[in-house]
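Okay, coords.cif is below, mmCIF, N, CA and C atoms:
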```cif
data_run
#
loop_
_atom_site.label_atom_id
_atom_site.label_comp_id
_atom_site.auth_asym_id
_atom_site.auth_seq_id
_atom_site.Cartn_x
_atom_site.Cartn_y
_atom_site.Cartn_z
N MET A 833 18.45 143.88 198.66
CA MET A 833 17.32 142.97 198.70
C MET A 833 16.00 143.70 198.39
N ILE A 834 15.86 144.94 198.93
CA ILE A 834 14.66 145.72 198.65
C ILE A 834 14.53 145.98 197.15
N LEU A 835 15.65 146.22 196.50
CA LEU A 835 15.64 146.47 195.06
C LEU A 835 15.09 145.26 194.31
N LEU A 836 15.54 144.08 194.63
CA LEU A 836 15.08 142.87 193.95
C LEU A 836 13.62 142.59 194.22
N ILE A 837 13.20 142.76 195.45
CA ILE A 837 11.79 142.55 195.81
C ILE A 837 10.92 143.56 195.07
N SER A 838 11.39 144.80 195.00
CA SER A 838 10.63 145.84 194.30
C SER A 838 10.47 145.50 192.82
N TYR A 839 11.53 145.02 192.20
CA TYR A 839 11.44 144.62 190.78
C TYR A 839 10.44 143.47 190.60
N ALA A 840 10.46 142.52 191.51
CA ALA A 840 9.52 141.39 191.44
C ALA A 840 8.09 141.88 191.62
N LEU A 841 7.86 142.78 192.55
CA LEU A 841 6.52 143.32 192.76
C LEU A 841 6.08 144.15 191.55
N TYR A 842 6.99 144.88 190.95
CA TYR A 842 6.67 145.66 189.75
C TYR A 842 6.21 144.73 188.63
N ALA A 843 6.90 143.63 188.46
CA ALA A 843 6.51 142.65 187.44
C ALA A 843 5.13 142.08 187.75
N GLU A 844 4.83 141.86 189.01
CA GLU A 844 3.52 141.36 189.41
C GLU A 844 2.42 142.37 189.10
N VAL A 845 2.67 143.65 189.36
CA VAL A 845 1.71 144.70 189.04
C VAL A 845 1.45 144.72 187.53
N MET A 846 2.49 144.61 186.75
CA MET A 846 2.34 144.60 185.29
C MET A 846 1.51 143.39 184.84
N ARG A 847 1.69 142.25 185.51
CA ARG A 847 0.94 141.05 185.17
C ARG A 847 -0.53 141.21 185.53
N GLU A 848 -0.80 141.82 186.69
CA GLU A 848 -2.17 141.94 187.19
C GLU A 848 -3.02 142.93 186.39
N ASN A 849 -2.41 144.00 185.88
CA ASN A 849 -3.19 145.08 185.30
C ASN A 849 -2.74 145.36 183.86
N ALA A 850 -3.53 144.88 182.92
CA ALA A 850 -3.22 145.09 181.50
C ALA A 850 -3.55 146.51 181.04
N TYR A 851 -4.19 147.29 181.90
CA TYR A 851 -4.61 148.65 181.52
C TYR A 851 -3.60 149.72 181.90
N LEU A 852 -2.45 149.34 182.41
CA LEU A 852 -1.45 150.33 182.78
C LEU A 852 -1.05 151.16 181.58
N SER A 853 -0.89 152.45 181.82
CA SER A 853 -0.57 153.37 180.74
C SER A 853 0.19 154.56 181.30
N ARG A 854 1.01 155.18 180.47
CA ARG A 854 1.72 156.40 180.90
C ARG A 854 0.78 157.57 180.99
N THR A 855 -0.30 157.53 180.20
CA THR A 855 -1.26 158.62 180.23
C THR A 855 -2.42 158.25 181.14
N VAL A 856 -2.98 159.25 181.80
CA VAL A 856 -4.11 159.02 182.70
C VAL A 856 -5.37 159.10 181.84
N GLU A 857 -5.97 157.92 181.63
CA GLU A 857 -7.18 157.84 180.81
C GLU A 857 -7.90 156.55 181.13
N VAL A 858 -9.18 156.50 180.82
CA VAL A 858 -9.95 155.27 180.93
C VAL A 858 -9.99 154.66 179.54
N GLN A 859 -9.53 153.43 179.44
CA GLN A 859 -9.46 152.76 178.15
C GLN A 859 -10.76 152.01 177.86
N GLU A 860 -11.02 151.77 176.60
CA GLU A 860 -12.21 151.03 176.21
C GLU A 860 -12.17 149.62 176.80
N GLY A 861 -13.26 149.24 177.45
CA GLY A 861 -13.35 147.91 178.04
C GLY A 861 -12.62 147.77 179.37
N GLN A 862 -12.08 148.85 179.88
CA GLN A 862 -11.32 148.79 181.14
C GLN A 862 -12.22 148.43 182.31
N LYS A 863 -11.70 147.60 183.18
CA LYS A 863 -12.41 147.19 184.39
C LYS A 863 -11.54 147.51 185.60
N VAL A 864 -12.17 147.65 186.74
CA VAL A 864 -11.44 147.87 187.99
C VAL A 864 -10.72 146.58 188.36
N ILE A 865 -9.43 146.69 188.64
CA ILE A 865 -8.64 145.56 189.13
C ILE A 865 -8.59 145.70 190.65
N ASP A 866 -9.10 144.69 191.35
CA ASP A 866 -9.16 144.79 192.81
C ASP A 866 -8.62 143.54 193.51
N THR A 867 -7.84 142.76 192.78
CA THR A 867 -7.26 141.55 193.35
C THR A 867 -5.76 141.73 193.51
N GLY A 868 -5.13 140.79 194.19
CA GLY A 868 -3.68 140.83 194.37
C GLY A 868 -3.25 142.10 195.09
N LEU A 869 -2.21 142.73 194.57
CA LEU A 869 -1.69 143.95 195.19
C LEU A 869 -2.71 145.08 195.16
N TYR A 870 -3.60 145.06 194.16
CA TYR A 870 -4.65 146.08 194.06
C TYR A 870 -5.71 145.93 195.14
N GLY A 871 -5.72 144.84 195.85
CA GLY A 871 -6.60 144.67 196.99
C GLY A 871 -6.01 145.22 198.27
N ILE A 872 -4.75 145.63 198.22
CA ILE A 872 -4.06 146.18 199.40
C ILE A 872 -3.97 147.70 199.30
N VAL A 873 -3.49 148.20 198.17
CA VAL A 873 -3.43 149.64 197.91
C VAL A 873 -3.96 149.88 196.50
N ARG A 874 -4.47 151.09 196.28
CA ARG A 874 -5.07 151.39 194.98
C ARG A 874 -4.04 151.65 193.89
N HIS A 875 -2.83 151.99 194.26
CA HIS A 875 -1.79 152.32 193.28
C HIS A 875 -0.49 151.56 193.58
N PRO A 876 -0.53 150.24 193.44
CA PRO A 876 0.67 149.47 193.79
C PRO A 876 1.86 149.75 192.90
N MET A 877 1.64 150.12 191.63
CA MET A 877 2.79 150.41 190.77
C MET A 877 3.56 151.61 191.31
N TYR A 878 2.85 152.65 191.72
CA TYR A 878 3.52 153.82 192.28
C TYR A 878 4.20 153.47 193.60
N ALA A 879 3.53 152.66 194.42
CA ALA A 879 4.12 152.25 195.70
C ALA A 879 5.44 151.51 195.47
N VAL A 880 5.45 150.61 194.50
CA VAL A 880 6.65 149.84 194.20
C VAL A 880 7.76 150.74 193.66
N THR A 881 7.41 151.71 192.81
CA THR A 881 8.46 152.59 192.29
C THR A 881 9.06 153.46 193.39
N VAL A 882 8.26 153.82 194.38
CA VAL A 882 8.82 154.57 195.52
C VAL A 882 9.86 153.71 196.22
N TRP A 883 9.55 152.43 196.46
CA TRP A 883 10.53 151.53 197.09
C TRP A 883 11.77 151.36 196.23
N LEU A 884 11.57 151.26 194.91
CA LEU A 884 12.72 151.16 194.01
C LEU A 884 13.63 152.38 194.15
N PHE A 885 13.02 153.56 194.12
CA PHE A 885 13.82 154.78 194.20
C PHE A 885 14.43 154.99 195.58
N LEU A 886 13.85 154.40 196.61
CA LEU A 886 14.49 154.44 197.93
C LEU A 886 15.69 153.51 197.99
N ALA A 887 15.61 152.41 197.27
CA ALA A 887 16.70 151.43 197.29
C ALA A 887 17.90 151.87 196.45
N ILE A 888 17.68 152.63 195.41
CA ILE A 888 18.78 153.03 194.52
C ILE A 888 19.89 153.78 195.25
N PRO A 889 19.59 154.77 196.11
CA PRO A 889 20.68 155.45 196.83
C PRO A 889 21.50 154.49 197.69
N VAL A 890 20.83 153.50 198.27
CA VAL A 890 21.55 152.52 199.09
C VAL A 890 22.48 151.69 198.21
N VAL A 891 21.95 151.23 197.07
CA VAL A 891 22.76 150.41 196.15
C VAL A 891 23.95 151.22 195.63
N LEU A 892 23.72 152.48 195.30
CA LEU A 892 24.80 153.33 194.78
C LEU A 892 25.71 153.88 195.87
N GLY A 893 25.23 153.84 197.12
CA GLY A 893 26.00 154.43 198.20
C GLY A 893 26.09 155.95 198.05
N SER A 894 25.02 156.56 197.57
CA SER A 894 25.05 157.98 197.25
C SER A 894 23.86 158.71 197.86
N TRP A 895 24.16 159.66 198.74
CA TRP A 895 23.10 160.49 199.30
C TRP A 895 22.59 161.48 198.26
N TRP A 896 23.41 161.86 197.30
CA TRP A 896 22.96 162.77 196.26
C TRP A 896 21.83 162.15 195.44
N SER A 897 21.91 160.87 195.20
CA SER A 897 20.82 160.22 194.46
C SER A 897 19.54 160.20 195.29
N PHE A 898 19.66 160.15 196.61
CA PHE A 898 18.48 160.24 197.47
C PHE A 898 17.83 161.62 197.34
N VAL A 899 18.64 162.66 197.30
CA VAL A 899 18.14 164.03 197.13
C VAL A 899 17.40 164.15 195.80
N CYS A 900 17.92 163.52 194.77
CA CYS A 900 17.27 163.54 193.46
C CYS A 900 15.91 162.83 193.49
N PHE A 901 15.76 161.88 194.37
CA PHE A 901 14.53 161.10 194.47
C PHE A 901 13.40 161.88 195.15
N LEU A 902 13.70 162.77 196.06
CA LEU A 902 12.68 163.43 196.86
C LEU A 902 11.56 164.09 196.05
N PRO A 903 11.84 164.80 194.98
CA PRO A 903 10.74 165.40 194.21
C PRO A 903 9.78 164.37 193.61
N TYR A 904 10.26 163.15 193.43
CA TYR A 904 9.41 162.10 192.86
C TYR A 904 8.18 161.86 193.72
N ILE A 905 8.33 161.94 195.02
CA ILE A 905 7.20 161.71 195.92
C ILE A 905 6.10 162.75 195.66
N ALA A 906 6.48 164.02 195.53
CA ALA A 906 5.49 165.07 195.26
C ALA A 906 4.82 164.84 193.91
N VAL A 907 5.60 164.45 192.92
CA VAL A 907 5.04 164.19 191.59
C VAL A 907 4.02 163.05 191.65
N ILE A 908 4.35 162.00 192.37
CA ILE A 908 3.45 160.85 192.49
C ILE A 908 2.16 161.23 193.21
N VAL A 909 2.26 162.02 194.26
CA VAL A 909 1.06 162.44 195.00
C VAL A 909 0.13 163.23 194.07
N VAL A 910 0.67 164.17 193.31
CA VAL A 910 -0.15 164.96 192.37
C VAL A 910 -0.76 164.05 191.32
N ARG A 911 0.03 163.14 190.78
CA ARG A 911 -0.47 162.23 189.73
C ARG A 911 -1.58 161.32 190.26
N ILE A 912 -1.41 160.79 191.47
CA ILE A 912 -2.43 159.92 192.04
C ILE A 912 -3.74 160.68 192.23
N ARG A 913 -3.66 161.88 192.75
CA ARG A 913 -4.89 162.67 192.95
C ARG A 913 -5.60 162.92 191.62
N ASN A 914 -4.85 163.27 190.60
CA ASN A 914 -5.44 163.49 189.27
C ASN A 914 -6.01 162.19 188.71
N GLU A 915 -5.25 161.13 188.81
CA GLU A 915 -5.68 159.85 188.28
C GLU A 915 -6.98 159.38 188.94
N GLU A 916 -7.08 159.57 190.23
CA GLU A 916 -8.28 159.12 190.94
C GLU A 916 -9.51 159.93 190.51
N LYS A 917 -9.34 161.21 190.22
CA LYS A 917 -10.46 162.01 189.72
C LYS A 917 -10.93 161.47 188.37
N VAL A 918 -9.98 161.18 187.49
CA VAL A 918 -10.31 160.67 186.15
C VAL A 918 -10.99 159.31 186.26
N LEU A 919 -10.44 158.42 187.07
CA LEU A 919 -11.00 157.07 187.20
C LEU A 919 -12.37 157.09 187.87
N ALA A 920 -12.54 157.89 188.91
CA ALA A 920 -13.84 157.96 189.60
C ALA A 920 -14.92 158.49 188.66
N ALA A 921 -14.55 159.42 187.79
CA ALA A 921 -15.52 160.01 186.86
C ALA A 921 -15.83 159.10 185.68
N GLY A 922 -14.86 158.30 185.24
CA GLY A 922 -15.04 157.58 183.98
C GLY A 922 -15.00 156.08 184.02
N LEU A 923 -14.68 155.48 185.16
CA LEU A 923 -14.54 154.02 185.23
C LEU A 923 -15.59 153.45 186.17
N ASP A 924 -16.50 152.68 185.60
CA ASP A 924 -17.56 152.07 186.40
C ASP A 924 -16.97 151.23 187.53
N GLY A 925 -17.46 151.45 188.75
CA GLY A 925 -17.04 150.67 189.90
C GLY A 925 -15.86 151.23 190.65
N TYR A 926 -15.23 152.28 190.13
CA TYR A 926 -14.03 152.80 190.80
C TYR A 926 -14.36 153.46 192.13
N ALA A 927 -15.48 154.17 192.21
CA ALA A 927 -15.87 154.81 193.47
C ALA A 927 -16.09 153.77 194.56
N GLU A 928 -16.69 152.64 194.22
CA GLU A 928 -16.88 151.56 195.19
C GLU A 928 -15.54 150.95 195.59
N TYR A 929 -14.66 150.82 194.62
CA TYR A 929 -13.30 150.31 194.88
C TYR A 929 -12.57 151.21 195.88
N GLN A 930 -12.72 152.52 195.71
CA GLN A 930 -12.08 153.46 196.63
C GLN A 930 -12.59 153.27 198.06
N LYS A 931 -13.84 152.91 198.20
CA LYS A 931 -14.41 152.67 199.53
C LYS A 931 -13.89 151.37 200.13
N ARG A 932 -13.71 150.35 199.29
CA ARG A 932 -13.23 149.05 199.77
C ARG A 932 -11.74 149.06 200.08
N VAL A 933 -10.96 149.68 199.20
CA VAL A 933 -9.50 149.73 199.39
C VAL A 933 -9.18 151.17 199.78
N LYS A 934 -8.98 151.36 201.07
CA LYS A 934 -8.88 152.71 201.64
C LYS A 934 -7.59 153.44 201.29
N TYR A 935 -6.51 152.71 201.15
CA TYR A 935 -5.20 153.36 201.05
C TYR A 935 -4.72 153.43 199.60
N ARG A 936 -4.12 154.56 199.27
CA ARG A 936 -3.66 154.81 197.92
C ARG A 936 -2.28 154.21 197.67
N LEU A 937 -1.36 154.45 198.60
CA LEU A 937 0.05 154.14 198.35
C LEU A 937 0.67 153.25 199.42
N LEU A 938 0.36 153.54 200.66
CA LEU A 938 0.98 152.84 201.78
C LEU A 938 -0.08 152.47 202.80
N PRO A 939 -0.30 151.16 203.03
CA PRO A 939 -1.34 150.75 203.99
C PRO A 939 -1.17 151.44 205.35
N LEU A 940 -2.29 151.84 205.90
CA LEU A 940 -2.39 152.50 207.21
C LEU A 940 -1.82 153.92 207.23
N VAL A 941 -1.32 154.42 206.08
CA VAL A 941 -0.74 155.77 206.05
C VAL A 941 -1.52 156.64 205.06
N TRP A 942 -1.48 156.30 203.77
CA TRP A 942 -2.15 157.12 202.74
C TRP A 942 -2.53 156.30 201.56
#
```
Can you turn what I pasted into structure tokens?
Amino acid sequence: MILLISYALYAEVMRENAYLSRTVEVQEGQKVIDTGLYGIVRHPMYAVTVWLFLAIPVVLGSWWSFVCFLPYIAVIVVRIRNEEKVLAAGLDGYAEYQKRVKYRLLPLVW
């Protein structure tokens, strides 16, 4: 069930933010998205992928796949920190958004 919910939330993130990109950059005409899931955490796509990767070991019934997932958390933390530096420096309104939406990945945690 977590897997299906995660996929649905991932689709919602894709719908909400047309500026999603594999590369960390500020695109021409980009605006801060602060509605929907972006009003809860600053990086909902990463949050959803963490839930997806947590669900995969359960679906597969494999603890080895869980071990493979663990480095992903460290990668995401590094990427979020870098992304926030880029966005705060180059995207108008992002610093204010960071003040309004306190949590990066998980409400009440980080």
- Query: Do you know which residues are at most 7 Å from segment 911-919 of chain A counting only C-alpha atoms, after dropping those on the same chain fewer than 4 positions away, and could you put them as a list in words?
  - Reply: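 Near segment 911-919 of chain A, the qualifying residues are Val856, Glu857, Val858, Val907, Leu923 and Tyr926 of chain A.
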- Item | Coordinates-based distance that separates atom CA of Leu836 of chain A from atom CA of Val873 of chain A (Å, one decimal) |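 Rounded to one decimal, the two atoms are 20.1 Å apart.
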- Message: For a quick check of understanding, using only C-alpha atoms, which of A:Leu938, A:Leu841, A:Leu902, A:Val909 has the smallest distance to Phe885 of chain A?
- Response: A:Leu902
- Message: Using only N, CA and C atoms, which protein or nucleic acid residues come within 8 Å of Tyr851 of chain A? Drop anything in the same chain fewer than 6 positions from it, and give the result as a list in words.
- Response: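 Result of the neighbour search: Gln859, Gln862 and Lys863 of chain A.
Here the PyMOL selection byres (((chain A and resi 878 and name CA) around 10) and name CA) catches exactly these residues: A:Tyr842, A:Val845, A:Val873, A:Arg874, A:His875, A:Pro876, A:Met877, A:Ala879, A:Val880, A:Thr881, A:Val882, A:Trp883, A:Leu884, A:Ile905, A:Ile908, A:Val909, A:Arg911, A:Ile912, A:Arg936, A:Leu937, A:Leu938.
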- Item | Two-atom distance - atom CA of Ile872 of chain A, atom C of Phe901 of chain A (Å) | 23.9 Å
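One distance worth recording is that between atom N of Leu835 of chain A and atom C of Arg932 of chain A, which is 27.8 Å.
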- Query: Among chain A, which ones does DSSP place in helix (DSSP H, G or I), written as a ChimeraX atom specification?
  - Reply: /A:834-848,868-871,876-892,895-922,926-932
- Which one is closest to Gly925 of chain A: A:Val864, A:Ala906, A:Val941, A:Val899? Count only N, CA and C atoms.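 Checking each candidate against Gly925 of chain A, we get A:Val864 as the closest.
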- Of the candidates A:Val910, A:Cys900, A:Ile888, A:Leu869, which one gets nearest to Tyr935 of chain A if we count only C-alpha atoms? A:Leu869
- Message: Please determine, counting only C-alpha atoms, which residue among A:Gly868, A:Pro903, A:Glu860, A:Ala887 has the shortest atom-to-atom distance to Glu844 of chain A.
- Response: A:Gly868
